[in-house]
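Colleague: Have a look at this one before I ask anything.
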Amino acid sequence: MSEKLLIGRTIDTGSWVHSIDPRAKMVAMMLYVVMIIMSNTWLEMVCVLLFSLVVITSTRIHIKYYVRAAKPLWILMLFIFIVQCLKIEDTDGIVLLSIGSWNLYFEGFRLGLFSVLRMVFLVSFTAILTFTTTPGRLNQGLEGVLKPLHWIKLSPERLTLMISIALRFIPTILEETQIILKAQASRGADLKELPWKEKGKMLVSLLVPVTVGAFRRAEDLVHSMESRGFRMKEPRTKFHRLIWRKRDTIFISLFIIMLIAVVWMSSSGNGEIWSL
Amino acid sequence: MAITFNQVSYEYDAKSMWSQAALQGVDLHIEAGKLAAIVGATGSGKSTLLQMFNGILKPTSGTVQVLDVTMVAGEKSPKLQQLRKRVGLVFQFPEQQLFEDTVEKDLCFGPMNFGFSLEEAKERARVSMERMGLDLELLSRNPFQLSGGQMRKVAIASVLAMDPDILVLDEPTATLDPVSRAELIQLLYRLCQDEGRTVIIVTHRMDELLPFADQWMVLHEGRTVFEGTVKAFVEQADQMERYGIVVPQSIRYWRALSDKFGWSGEEPCLSAEAMSKRIAQYVNLEDISGEEESI
């Protein structure tokens, strides 16, 4: 169960990307999303791909981990691709394949491929964020990015505290589930060896102890936080302070320049020759 | 031979970047009808080892043979239902292994899965509650309302109710009060001596088991670094510190005595009772020989 969980796993290689301020990384990721959506031609795609590869290589994390991050979504990608192929009708365009009254147009094929590519880029590239930033730092970054929420009287601290506790407990609850599954298996009810109907029953009987356990844990956590003097609204000193440095500005500038380039390419029509 | 391990290794998250070796090339032999104790510092792989005894974890390399079932790494394992009926496993944290809404249902869970009728299961539940010295009134309670010590006893009872041939317990005496602790050890000893079951216990309190265990095993960083009798263990006690094991007082005391009086070849007396007898015997001998000389 936990073996396939790639969320929140930091891979520390000590590259310069690791030391970038988490706020800068988050903003950069948002810029990247815009960039991906804006690019519509082959030229733009290739440019974005090259740019992504440069950043990915400089994290010094092996590319296979980025590929693996996108892998679980392959069914969704296939679905999008097929839908694009089926739905797009381009009566003037080239027909690649024709079955009965239905035609596969090149345009449909291209758009389908682009959607898939976008998705792969998006998921793989944004994995940089979790691969290079520890969950704690990420949370601090989120707090920083969400600062503007103060204007509408929402507390970003409260929000990030909730998120960090939730993330912190995902593995714990999974582990607890595993222990109960093991206890059940060793008393003769192995989920792997049971027929389907019994499987359902076992999973229901799993819910109660896991939920009870989660509540008990939550209560313990509240007590332990309160006994160490935690108050929600009091200002707190941070253990790690986020300091905005020159390289963070440079990092974001790279993304802005790239975004401008993509926008310029698509508006000036330079990509036309490439787009076929 | 009840349990035989041949070059067994186990890795958590095998084949991923976060793989962690828990056991490395463990060889192990436990004979049927013996009481075996496993000790080792925290993180030495004890709990991982135990979970292999009934096939909850399968070796990532090597061969595990328990009773008539053989699990070879990489091969599809046989159906384990029958094995699990014969090997009862009590996990380290009992409060996490109770999952039914009443104690009685929890106790009946095992027997019913192994094909006993509800009536038989209830009878077994009752018997094992009594064996663990638990009040039968607790049967109708919710397990989460019990105290830590009661939960542990119920967890052990729920495994006893399955009537296993091999009983495996992970630190069964932790969180128990001293009286219950001694009672439990006595019960386990009887299960082994009178009923011929194999009992395997992981413990941090060596003192408790020294007078009872036939076989001792020491794990260190996923390897077995010692396997043998109490006598051999006492002889090698000096090296145990290296493996993060605090040598019990009784062994230190016995060593001091045997070095002084030259008893080193003898079967060690490690309970207070046995040791005082041995000393008394020695003193009497001295007296007798002393008297002889004076005459």
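All residue names refer to the structure tokens as shown: chains lettered A, B, ... in order, residues numbered from 1 in each chain, ligands numbered from 1 in order.
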Tell me, which residues of stretch 73-140 of chain B carry DSSP strand (DSSP E or B), written as a PyMOL selection string?
Modeller: chain B and resi 87-90
Colleague: Using C-alpha atoms, can you write the selected residues to a file as a PDB file, in the first residue's frame?
Modeller:
ATOM      1  CA  VAL B  87       0.655 -20.469  14.106  1.00  0.00           C
ATOM      2  CA  GLY B  88      -0.863 -17.840  16.388  1.00  0.00           C
ATOM      3  CA  LEU B  89       0.738 -14.406  16.236  1.00  0.00           C
ATOM      4  CA  VAL B  90       0.269 -11.720  18.895  1.00  0.00           C
TER       5      VAL B  90
END
Colleague: B:Gly115: which residues within 12 Å, counting only C-alpha atoms, same-chain residues fewer than 2 positions away excluded, as a ChimeraX atom specification?
Modeller: /A:187-189 /B:81-82,85,108-113,117-121,162
Colleague: Selected residues, C-alpha atoms, written as a PDB file, in the first residue's frame, please.
Modeller:
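What ended up in result21.pdb:
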ATOM      1  CA  ARG A 187      -6.436 -14.929  12.523  1.00  0.00           C
ATOM      2  CA  GLY A 188      -7.524 -16.566   9.327  1.00  0.00           C
ATOM      3  CA  ALA A 189      -9.072 -13.796   7.236  1.00  0.00           C
TER       4      ALA A 189
ATOM      5  CA  GLN B  81      -5.005 -20.395   5.810  1.00  0.00           C
ATOM      6  CA  GLN B  82      -4.041 -23.717   7.385  1.00  0.00           C
ATOM      7  CA  LYS B  85      -4.581 -21.767  12.141  1.00  0.00           C
ATOM      8  CA  CYS B 108     -14.566 -15.693  18.217  1.00  0.00           C
ATOM      9  CA  PHE B 109     -13.138 -14.140  15.054  1.00  0.00           C
ATOM     10  CA  GLY B 110     -10.225 -16.553  14.732  1.00  0.00           C
ATOM     11  CA  PRO B 111     -12.016 -19.835  15.572  1.00  0.00           C
ATOM     12  CA  MET B 112     -14.939 -18.971  13.265  1.00  0.00           C
ATOM     13  CA  ASN B 113     -12.610 -18.254  10.373  1.00  0.00           C
ATOM     14  CA  SER B 117     -19.390 -23.164  14.873  1.00  0.00           C
ATOM     15  CA  LEU B 118     -20.506 -20.135  16.859  1.00  0.00           C
ATOM     16  CA  GLU B 119     -21.149 -22.295  19.928  1.00  0.00           C
ATOM     17  CA  GLU B 120     -17.699 -23.855  19.818  1.00  0.00           C
ATOM     18  CA  ALA B 121     -16.101 -20.473  19.235  1.00  0.00           C
ATOM     19  CA  MET B 162      -7.432 -20.488  17.951  1.00  0.00           C
TER      20      MET B 162
END
Colleague: DSSP on the backbone, alpha helix (DSSP H) only: what residues of stretch 90-197 of chain B does that give? Format it as an MDAnalysis selection string.
Modeller: chainID B and resid 103:113 118:131 148:160 178:193
Colleague: So, with only C-alpha atoms as the atoms that count, which of A:Ser115, A:Thr57, A:Thr133, A:Thr211 lies closest to chain B?
Modeller: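 Among the listed residues, A:Thr211 lies closest to chain B.
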Colleague: Taking only C-alpha atoms into account, find every residue of chain A that has an atom no more than 6 Å from chain B, and write it out as a ChimeraX atom specification.
Modeller: /A:3,180,183,186-188,209
Colleague: Would you pick out the contacts of stretch 60-69 of chain A at 10 Å or less, using only C-alpha atoms, so that residues sharing its chain but fewer than 5 positions from it are not included, and give the list as a list of chain:residue names?
Modeller: A:Lys4, A:Leu5, A:Leu6, A:Ile7, A:Ile11, A:Asp12, A:Thr13, A:Gly14, A:Ser15, A:Trp16, A:Val17, A:His18, A:Leu53, A:Val55, A:Val120, A:Phe121, A:Val123, A:Ser124, A:Phe125, A:Thr126, A:Ala127, A:Ile128, A:Phe131, A:Thr132, B:Met17
Colleague: Choose the residue, out of B:Gly74, B:Gly262, B:Gly40, B:Gly45, that has the smallest atom-to-atom separation from B:Val246; count only C-alpha atoms.
Modeller: B:Gly40
Colleague: Where does stretch 65-113 of chain A meet stretch 34-45 of chain A within 12 Å, residue by residue, with the nearest atom pair and distance in Å to one decimal for each, counting only C-alpha atoms, listed by chain and rising number, as a Markdown table?
Modeller:
| residue | atom | partner | partner_atom | distance |
| --- | --- | --- | --- | --- |
| A:Glu107 | CA | A:Thr41 | CA | 11.7 |
| A:Arg110 | CA | A:Trp42 | CA | 9.6 |
| A:Leu111 | CA | A:Asn40 | CA | 8.8 |
| A:Gly112 | CA | A:Asn40 | CA | 11.8 |
| A:Leu113 | CA | A:Trp42 | CA | 10.8 |
